[in-house]
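Participant: If it helps, the file is called entry_31.cif and holds mmCIF, C-alpha atoms:
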```cif
data_structure
#
loop_
_atom_site.label_atom_id
_atom_site.label_comp_id
_atom_site.auth_asym_id
_atom_site.auth_seq_id
_atom_site.Cartn_x
_atom_site.Cartn_y
_atom_site.Cartn_z
CA SER R 1 -11.88 88.38 -94.89
CA ALA R 2 -12.90 86.23 -97.84
CA SER R 3 -16.45 86.61 -99.06
CA SER R 4 -18.76 83.70 -98.37
CA PRO R 5 -19.83 81.52 -101.30
CA GLN R 6 -23.08 82.60 -102.91
CA PRO R 7 -25.86 80.11 -102.05
CA LEU R 8 -27.87 78.44 -104.79
CA PHE R 9 -31.09 79.70 -103.23
CA PRO R 10 -31.32 82.45 -100.57
CA HIS R 11 -32.20 81.30 -97.04
CA SER R 12 -32.29 77.64 -98.10
CA TYR R 13 -31.01 74.32 -96.75
CA TYR R 14 -30.11 73.30 -100.31
CA SER R 15 -26.41 73.79 -100.98
CA SER R 16 -24.84 72.63 -104.24
CA SER R 17 -23.59 69.44 -102.58
CA ILE R 18 -26.98 68.60 -101.05
CA LEU R 19 -28.83 69.21 -104.31
CA ALA R 20 -26.22 67.18 -106.22
CA ALA R 21 -26.62 64.33 -103.72
CA ILE R 22 -30.42 64.36 -104.01
CA ILE R 23 -30.25 64.26 -107.81
CA SER R 24 -27.56 61.58 -108.01
CA ASN R 25 -29.35 59.47 -105.38
CA LYS R 26 -32.60 59.53 -107.34
CA TYR R 27 -31.43 59.45 -110.94
CA GLU R 28 -28.22 57.45 -110.67
CA LEU R 29 -29.02 55.14 -107.74
CA ALA R 30 -32.84 55.09 -108.20
CA VAL R 31 -33.59 56.13 -104.58
CA PRO R 32 -36.97 57.94 -104.66
CA LEU R 33 -37.43 61.21 -102.78
CA HIS R 34 -39.74 59.78 -100.11
CA ARG R 35 -36.97 57.39 -99.07
CA GLN R 36 -34.37 60.12 -99.17
CA GLN R 37 -36.53 62.24 -96.86
CA ARG R 38 -35.95 59.82 -93.98
CA SER R 39 -32.20 59.76 -94.60
CA TRP R 40 -31.85 63.54 -94.65
CA GLN R 41 -34.02 63.97 -91.56
CA ARG R 42 -31.87 61.46 -89.66
CA LEU R 43 -28.95 63.75 -90.45
CA GLY R 44 -30.85 66.71 -88.96
CA LEU R 45 -31.99 68.39 -92.17
CA PRO R 46 -35.78 68.92 -92.25
CA LEU R 47 -36.12 68.20 -95.97
CA THR R 48 -39.48 66.95 -97.22
CA THR R 49 -40.40 65.12 -100.40
CA LYS R 50 -42.31 68.13 -101.73
CA SER R 51 -39.56 70.63 -100.98
CA MET R 52 -36.93 68.38 -102.58
CA ALA R 53 -39.05 67.93 -105.71
CA ARG R 54 -39.68 71.67 -105.95
CA THR R 55 -36.00 72.49 -105.47
CA VAL R 56 -34.82 69.89 -108.00
CA ILE R 57 -37.20 71.36 -110.60
CA ASN R 58 -36.18 74.96 -109.86
CA GLY R 59 -32.51 74.04 -109.78
CA CYS R 60 -32.66 72.24 -113.10
CA PHE R 61 -34.43 75.05 -114.93
CA GLN R 62 -32.09 77.63 -113.39
CA PHE R 63 -28.72 75.86 -113.60
CA LEU R 64 -28.93 72.89 -115.97
CA SER R 65 -31.18 74.02 -118.83
CA SER R 66 -28.38 75.87 -120.63
CA ILE R 67 -26.19 72.73 -120.51
CA TYR R 68 -29.11 70.68 -121.82
CA ASP R 69 -29.67 73.12 -124.69
CA ARG R 70 -25.97 73.02 -125.59
CA LEU R 71 -25.94 69.22 -125.63
CA LYS R 72 -29.01 69.27 -127.86
CA ALA R 73 -27.31 71.71 -130.25
CA GLU R 74 -24.17 69.56 -130.39
CA LEU R 75 -26.23 66.41 -131.00
CA ASN R 76 -27.93 68.08 -133.95
CA GLN R 77 -24.51 68.49 -135.59
CA GLU R 78 -23.97 64.73 -135.68
CA ILE R 79 -24.30 62.96 -139.01
CA VAL R 80 -25.94 59.87 -137.49
CA VAL R 81 -27.99 59.54 -134.28
CA HIS R 82 -29.91 56.74 -132.60
CA MET R 83 -33.54 57.45 -131.61
CA ASP R 84 -36.20 55.60 -129.63
CA GLU R 85 -39.11 56.40 -127.32
CA THR R 86 -40.38 55.00 -124.04
CA PRO R 87 -43.68 55.65 -122.15
CA PHE R 88 -43.77 57.70 -118.96
CA LYS R 89 -46.69 58.60 -116.70
CA VAL R 90 -47.35 62.29 -115.98
CA LEU R 91 -50.37 63.04 -113.77
CA GLU R 92 -50.88 66.49 -115.27
CA ASP R 93 -51.50 64.87 -118.68
CA ASN R 94 -54.84 63.53 -117.35
CA GLY R 95 -54.22 59.87 -118.04
CA SER R 96 -53.02 60.20 -121.64
CA ASN R 97 -49.79 58.49 -122.59
CA SER R 98 -46.62 60.56 -122.30
CA TYR R 99 -43.19 59.68 -123.63
CA PHE R 100 -39.50 60.25 -123.29
CA TRP R 101 -37.83 60.39 -126.66
CA ALA R 102 -34.23 59.24 -126.34
CA LEU R 103 -31.36 60.03 -128.69
CA ARG R 104 -27.75 58.93 -128.60
CA THR R 105 -24.70 59.49 -130.76
CA THR R 106 -23.11 56.50 -132.44
CA LYS R 107 -20.29 54.50 -130.91
CA GLU R 108 -17.95 55.06 -133.85
CA PHE R 109 -16.94 58.03 -136.01
CA ASN R 110 -19.03 60.52 -133.99
CA GLN R 111 -17.96 63.98 -132.80
CA HIS R 112 -19.15 63.74 -129.18
CA ASP R 113 -20.58 61.11 -126.83
CA ILE R 114 -24.06 62.42 -125.99
CA THR R 115 -27.34 60.94 -124.78
CA LEU R 116 -30.39 63.21 -124.90
CA PHE R 117 -33.91 62.78 -123.53
CA HIS R 118 -36.91 64.86 -124.59
CA TYR R 119 -40.30 64.82 -122.86
CA SER R 120 -43.48 64.95 -124.94
CA ASP R 121 -47.13 64.24 -124.24
CA THR R 122 -47.44 62.49 -127.61
CA ARG R 123 -45.75 59.79 -129.67
CA SER R 124 -46.55 61.62 -132.89
CA GLY R 125 -43.75 61.84 -135.43
CA LYS R 126 -43.92 65.64 -135.25
CA VAL R 127 -41.84 65.39 -132.06
CA ILE R 128 -38.83 64.39 -134.16
CA GLY R 129 -38.83 67.86 -135.71
CA GLU R 130 -39.17 69.47 -132.28
CA ILE R 131 -36.02 67.69 -131.13
CA ILE R 132 -33.65 67.90 -134.07
CA GLY R 133 -35.21 70.70 -136.11
CA ASP R 134 -36.75 70.59 -139.56
CA ASP R 135 -33.42 71.35 -141.25
CA TYR R 136 -31.55 68.32 -139.95
CA LYS R 137 -30.19 66.34 -142.92
CA GLY R 138 -28.48 63.46 -141.14
CA THR R 139 -29.60 59.88 -140.58
CA ILE R 140 -31.72 58.59 -137.70
CA ILE R 141 -31.36 54.97 -136.64
CA CYS R 142 -34.77 53.80 -135.41
CA ASP R 143 -37.20 50.91 -135.28
CA GLY R 144 -40.07 50.40 -137.69
CA TYR R 145 -42.51 52.77 -135.94
CA GLY R 146 -44.49 54.73 -138.54
CA GLY R 147 -43.72 58.10 -136.95
CA TYR R 148 -40.24 57.90 -138.48
CA SER R 149 -41.56 58.88 -141.89
CA ASN R 150 -39.91 60.38 -144.96
CA ASN R 151 -43.30 61.77 -145.96
CA ARG R 152 -43.19 64.03 -142.91
CA PHE R 153 -39.41 64.62 -143.01
CA PRO R 154 -38.24 64.45 -146.64
CA LYS R 155 -34.79 65.89 -145.78
CA LEU R 156 -34.09 63.12 -143.27
CA SER R 157 -32.57 59.74 -143.96
CA PHE R 158 -33.73 56.83 -141.82
CA GLY R 159 -31.77 53.71 -141.04
CA THR R 160 -33.20 50.78 -139.14
CA CYS R 161 -32.37 48.09 -136.61
CA LEU R 162 -31.80 44.47 -137.58
CA VAL R 163 -32.46 43.39 -133.98
CA HIS R 164 -36.02 44.73 -134.21
CA ILE R 165 -36.51 42.93 -137.51
CA ARG R 166 -35.18 39.71 -135.97
CA ARG R 167 -37.56 39.97 -132.99
CA GLU R 168 -40.53 39.62 -135.32
CA PHE R 169 -39.19 36.26 -136.49
CA GLY R 170 -38.56 35.24 -132.89
CA THR R 171 -42.31 34.83 -132.41
CA SER R 172 -42.63 32.57 -135.47
CA LYS R 173 -41.19 29.19 -136.44
CA ALA R 174 -38.56 30.59 -138.82
CA LYS R 175 -35.50 29.15 -137.10
CA GLN R 176 -33.48 29.20 -140.31
CA VAL R 177 -34.05 32.95 -140.65
CA LEU R 178 -32.74 33.52 -137.12
CA LYS R 179 -29.70 31.37 -137.91
CA LEU R 180 -28.95 33.35 -141.07
CA MET R 181 -29.34 36.65 -139.21
CA GLY R 182 -26.99 35.35 -136.55
CA GLY R 183 -24.37 34.99 -139.27
CA VAL R 184 -24.85 38.65 -140.20
CA PHE R 185 -24.29 39.80 -136.62
CA HIS R 186 -21.31 37.50 -136.12
CA THR R 187 -19.59 38.72 -139.29
CA GLU R 188 -20.22 42.38 -138.46
CA LYS R 189 -18.91 41.95 -134.92
CA ASN R 190 -15.64 40.41 -136.10
CA LEU R 191 -14.72 43.03 -138.70
CA LYS R 192 -11.23 44.52 -138.18
CA TYR R 193 -10.61 48.00 -139.56
CA ASP R 194 -8.89 51.31 -138.87
CA SER R 195 -11.09 53.75 -140.79
CA GLU R 196 -14.59 54.31 -142.12
CA ALA R 197 -13.44 53.44 -145.64
CA GLU R 198 -12.00 50.11 -144.50
CA LYS R 199 -15.14 49.26 -142.55
CA LEU R 200 -17.37 50.09 -145.51
CA ALA R 201 -15.29 47.95 -147.86
CA LEU R 202 -15.34 45.00 -145.45
CA ARG R 203 -19.08 45.33 -144.92
CA ASN R 204 -19.72 45.15 -148.65
CA GLN R 205 -17.31 42.26 -149.04
CA LEU R 206 -18.28 40.14 -146.02
CA VAL R 207 -21.55 41.32 -144.45
CA LYS R 208 -23.61 42.06 -147.55
CA PRO R 209 -23.53 38.47 -148.89
CA LYS R 210 -24.77 37.27 -145.49
CA LEU R 211 -27.64 39.75 -145.46
CA ASP R 212 -28.46 38.96 -149.09
CA MET R 213 -28.85 35.32 -148.03
CA VAL R 214 -31.41 36.36 -145.39
CA TYR R 215 -33.57 38.24 -147.88
CA ASP R 216 -33.15 35.61 -150.56
CA PHE R 217 -34.37 32.97 -148.10
CA ILE R 218 -37.43 34.85 -146.80
CA THR R 219 -38.62 35.82 -150.29
CA LYS R 220 -38.64 32.12 -151.26
CA ILE R 221 -40.79 30.99 -148.33
CA GLU R 222 -44.03 29.76 -149.90
CA ASN R 223 -47.41 30.73 -148.50
CA PRO R 224 -46.29 32.20 -145.15
CA MET R 225 -49.09 32.64 -142.65
CA GLY R 226 -49.80 34.61 -139.47
CA LYS R 227 -46.82 35.90 -137.51
CA LEU R 228 -44.32 34.63 -140.06
CA LYS R 229 -46.04 36.54 -142.85
CA ARG R 230 -46.06 39.72 -140.78
CA ALA R 231 -42.36 39.27 -139.95
CA ILE R 232 -41.47 38.80 -143.61
CA ASN R 233 -43.49 41.84 -144.69
CA ASN R 234 -41.86 43.94 -141.98
CA ALA R 235 -38.37 42.84 -143.08
CA LEU R 236 -39.14 43.64 -146.71
CA ARG R 237 -40.63 47.03 -145.78
CA LEU R 238 -37.43 48.01 -143.94
CA LYS R 239 -34.95 46.51 -146.41
CA ASP R 240 -33.94 49.78 -148.10
CA ARG R 241 -33.31 51.43 -144.73
CA LEU R 242 -31.28 48.45 -143.53
CA TYR R 243 -29.09 48.32 -146.63
CA LYS R 244 -27.93 51.90 -146.05
CA ILE R 245 -25.20 50.42 -143.82
CA PHE R 246 -23.40 49.52 -147.06
CA ASP R 247 -23.26 53.21 -148.06
CA ASN R 248 -22.34 54.73 -144.68
CA ALA R 249 -19.93 53.01 -142.29
CA GLN R 250 -21.13 55.10 -139.36
CA LEU R 251 -24.59 53.53 -139.50
CA PRO R 252 -24.79 50.71 -136.92
CA LEU R 253 -26.51 47.40 -137.53
CA ASP R 254 -28.80 47.83 -134.52
CA ASN R 255 -30.32 50.43 -132.21
CA ASN R 256 -29.04 48.81 -129.01
CA LEU R 257 -27.02 51.81 -127.82
CA VAL R 258 -30.04 54.04 -127.26
CA GLU R 259 -31.96 51.17 -125.65
CA GLN R 260 -29.05 50.74 -123.23
CA SER R 261 -29.34 54.45 -122.36
CA ILE R 262 -33.06 54.09 -121.70
CA ARG R 263 -32.65 51.06 -119.43
CA PRO R 264 -31.38 52.93 -116.31
CA THR R 265 -34.36 55.29 -116.53
CA THR R 266 -36.79 52.39 -116.27
CA LEU R 267 -35.51 51.54 -112.78
CA VAL R 268 -35.96 55.16 -111.68
CA ARG R 269 -39.45 55.08 -113.18
CA LYS R 270 -40.24 51.81 -111.39
CA ASN R 271 -39.28 53.25 -108.00
CA SER R 272 -40.69 56.76 -108.48
CA LEU R 273 -43.75 55.69 -110.54
CA PHE R 274 -44.63 59.03 -112.17
CA ALA R 275 -44.08 62.76 -112.47
CA THR R 276 -46.78 65.03 -111.05
CA SER R 277 -46.33 67.91 -113.51
CA LYS R 278 -45.03 68.58 -117.01
CA ASN R 279 -42.23 70.66 -115.51
CA GLY R 280 -41.32 67.63 -113.43
CA ALA R 281 -41.23 65.47 -116.57
CA LYS R 282 -39.07 68.06 -118.38
CA THR R 283 -36.76 68.09 -115.36
CA ASN R 284 -36.46 64.31 -115.58
CA ALA R 285 -35.50 64.62 -119.24
CA MET R 286 -32.81 67.20 -118.45
CA ILE R 287 -31.34 65.16 -115.62
CA TYR R 288 -31.44 61.88 -117.55
CA THR R 289 -29.61 63.68 -120.36
CA ILE R 290 -26.87 65.12 -118.18
CA ILE R 291 -26.31 62.00 -116.09
CA GLN R 292 -26.26 59.56 -119.01
CA THR R 293 -23.98 61.87 -121.01
CA ALA R 294 -21.67 62.24 -118.02
CA LYS R 295 -21.46 58.46 -117.76
CA LEU R 296 -20.56 58.17 -121.43
CA ASN R 297 -17.70 60.60 -120.79
CA ASN R 298 -16.46 58.76 -117.68
CA LEU R 299 -17.35 61.54 -115.22
CA ARG R 300 -18.20 61.07 -111.54
CA ILE R 301 -21.86 62.01 -111.37
CA PHE R 302 -21.98 63.64 -107.93
CA ASP R 303 -18.78 65.65 -108.50
CA TYR R 304 -19.97 66.81 -111.92
CA LEU R 305 -23.36 67.94 -110.63
CA LYS R 306 -21.83 69.68 -107.64
#
```
Show the structure stored in the file as structure tokens.
Facilitator:
Amino acid sequence: SASSPQPLFPHSYYSSSILAAIISNKYELAVPLHRQQRSWQRLGLPLTTKSMARTVINGCFQFLSSIYDRLKAELNQEIVVHMDETPFKVLEDNGSNSYFWALRTTKEFNQHDITLFHYSDTRSGKVIGEIIGDDYKGTIICDGYGGYSNNRFPKLSFGTCLVHIRREFGTSKAKQVLKLMGGVFHTEKNLKYDSEAEKLALRNQLVKPKLDMVYDFITKIENPMGKLKRAINNALRLKDRLYKIFDNAQLPLDNNLVEQSIRPTTLVRKNSLFATSKNGAKTNAMIYTIIQTAKLNNLRIFDYLK
């Protein structure tokens, strides 16, 4: 007779399909474990919130960590990556702020479609080196947060996000600046090209004059005050990073892709509120990574996990 399939865990209710369903329910559909408990018990399985949490953590470290590490290694081979961070509450961190650092490959000219999350109990820029290594020589697309510093990472190149620069002007009265920036986005969106070289040439021909108009306008504003002054100073501070798009066609004009990857995690966080332990937070990072990457590659989440 055929041998029976080896269980994930000896003497356990948790088969691969049950564990895959629990994970996909929580992290894809945002159904917290305490709600799932009632559903499973109605089906006759005496699963509790605590046992599900413990099994998800053990299962991730045992079966998914090697996939996570491989995705991280592949991401570190990319020439350009998006990066951002979002707060997350972990009870074991005793009230201090914890964060998920999120990375994503670019939409164009990349090797693989990958989203990666990394848990840390700090927002310090040192975390960047923990994620991508001190020898990474590519370009990180980020906002203006000071942790993304060439003083700390001299081998790195940093690009920036025009959307974040524009948001600063959104709180001021500089309507003309917003209108000029709108022209930059519109021109970039309507570029037609078949290669990196073509895109770069078109950017320099069509987009650069539009962006030059933005900076020419803001430098001629006399005696700016308050929020407008801060917005102008921020735009000038990030100008060199922004203009790198005219040297590298793979650099995007904004950091929206990684923010889109973070958005589904905020619903999970809203329903589940927090992680109890650091291992739980690391598990969240692994699962977010695998599910969001699977989505980018058009995989069915439950089938892939199973």
Participant: Find the spatial neighbours of R:Ile140, counting only C-alpha atoms, within a cut-off of 7 Å - ignore same-chain residues fewer than 5 positions away - and output them as a ChimeraX atom specification.
Facilitator: /R:80-83,157-159
Participant: Could you state which residues are captured by the PyMOL selection byres ((chain R and resi 47) around 10) in this file, as number ranges by chain?
Facilitator: R: 13-14, 33, 36-41, 44-46, 48-52
Participant: For the structure shown, which residues end up in the PyMOL selection byres ((chain R and resi 288) around 9)? Put them as a compact mmCIF listing (two decimals) with C-alpha atoms, keeping the file's coordinate frame, please?
Facilitator:
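Wrote it out as out-v4.txt, contents follow:
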```txt
# COMPACT_ATOMS: atom_id res chain seq x y z
CA TYR R 27 -31.43 59.45 -110.94
CA GLU R 28 -28.22 57.45 -110.67
CA THR R 115 -27.34 60.94 -124.78
CA LEU R 116 -30.39 63.21 -124.90
CA PHE R 117 -33.91 62.78 -123.53
CA ILE R 262 -33.06 54.09 -121.70
CA THR R 265 -34.36 55.29 -116.53
CA THR R 283 -36.76 68.09 -115.36
CA ASN R 284 -36.46 64.31 -115.58
CA ALA R 285 -35.50 64.62 -119.24
CA MET R 286 -32.81 67.20 -118.45
CA ILE R 287 -31.34 65.16 -115.62
CA THR R 289 -29.61 63.68 -120.36
CA ILE R 290 -26.87 65.12 -118.18
CA ILE R 291 -26.31 62.00 -116.09
CA GLN R 292 -26.26 59.56 -119.01
CA THR R 293 -23.98 61.87 -121.01
```
Participant: If the box runs along x, y and z of the file and leaves 6 Å on each side of stretch 64-83 of chain R, what are its centre and edge lengths in Å, one decimal, as JSON?
Facilitator:
```
{"center_x": -28.8, "center_y": 66.3, "center_z": -127.5, "size_x": 21.6, "size_y": 31.1, "size_z": 35.0}
```
Participant: I need the residue nearest R:Ser98 from this list: R:Ile232, R:Leu75, R:Val127, R:Ile23. Use all atoms listed in the file for the distance.
Facilitator: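 Nearest to R:Ser98: R:Val127.
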Participant: Pick out the closest residue to R:Leu253 from this set: R:Lys189, R:Lys282, R:Lys72, R:Lys227. Count only C-alpha atoms.
Facilitator: R:Lys189
Participant: For R:Ile128, which residue out of R:Met213, R:Ile218, R:Ile67, R:Ala102 is the nearest one, using all atoms listed in the file?
Facilitator: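 The answer is R:Ala102, which sits nearest to R:Ile128.
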Participant: I want to know what sits within 12 Å of R:Val163, based on only C-alpha atoms, with residues of the same chain fewer than 3 positions away left out; could you give that as JSON, numbers by chain?
Facilitator: {"R": [141, 142, 143, 144, 160, 166, 167, 168, 169, 170, 178, 181, 182, 184, 185, 235, 242, 252, 253, 254, 255, 256, 257, 259]}
Participant: Output the selection as a short mmCIF file (atom, residue, chain, number, x, y, z; two decimals), in the frame of the given file - C-alpha atoms for each residue.
Facilitator:
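Now in out.cif:
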```
data_model
loop_
_atom_site.label_atom_id
_atom_site.label_comp_id
_atom_site.auth_asym_id
_atom_site.auth_seq_id
_atom_site.Cartn_x
_atom_site.Cartn_y
_atom_site.Cartn_z
CA ILE R 141 -31.36 54.97 -136.64
CA CYS R 142 -34.77 53.80 -135.41
CA ASP R 143 -37.20 50.91 -135.28
CA GLY R 144 -40.07 50.40 -137.69
CA THR R 160 -33.20 50.78 -139.14
CA ARG R 166 -35.18 39.71 -135.97
CA ARG R 167 -37.56 39.97 -132.99
CA GLU R 168 -40.53 39.62 -135.32
CA PHE R 169 -39.19 36.26 -136.49
CA GLY R 170 -38.56 35.24 -132.89
CA LEU R 178 -32.74 33.52 -137.12
CA MET R 181 -29.34 36.65 -139.21
CA GLY R 182 -26.99 35.35 -136.55
CA VAL R 184 -24.85 38.65 -140.20
CA PHE R 185 -24.29 39.80 -136.62
CA ALA R 235 -38.37 42.84 -143.08
CA LEU R 242 -31.28 48.45 -143.53
CA PRO R 252 -24.79 50.71 -136.92
CA LEU R 253 -26.51 47.40 -137.53
CA ASP R 254 -28.80 47.83 -134.52
CA ASN R 255 -30.32 50.43 -132.21
CA ASN R 256 -29.04 48.81 -129.01
CA LEU R 257 -27.02 51.81 -127.82
CA GLU R 259 -31.96 51.17 -125.65
#
```
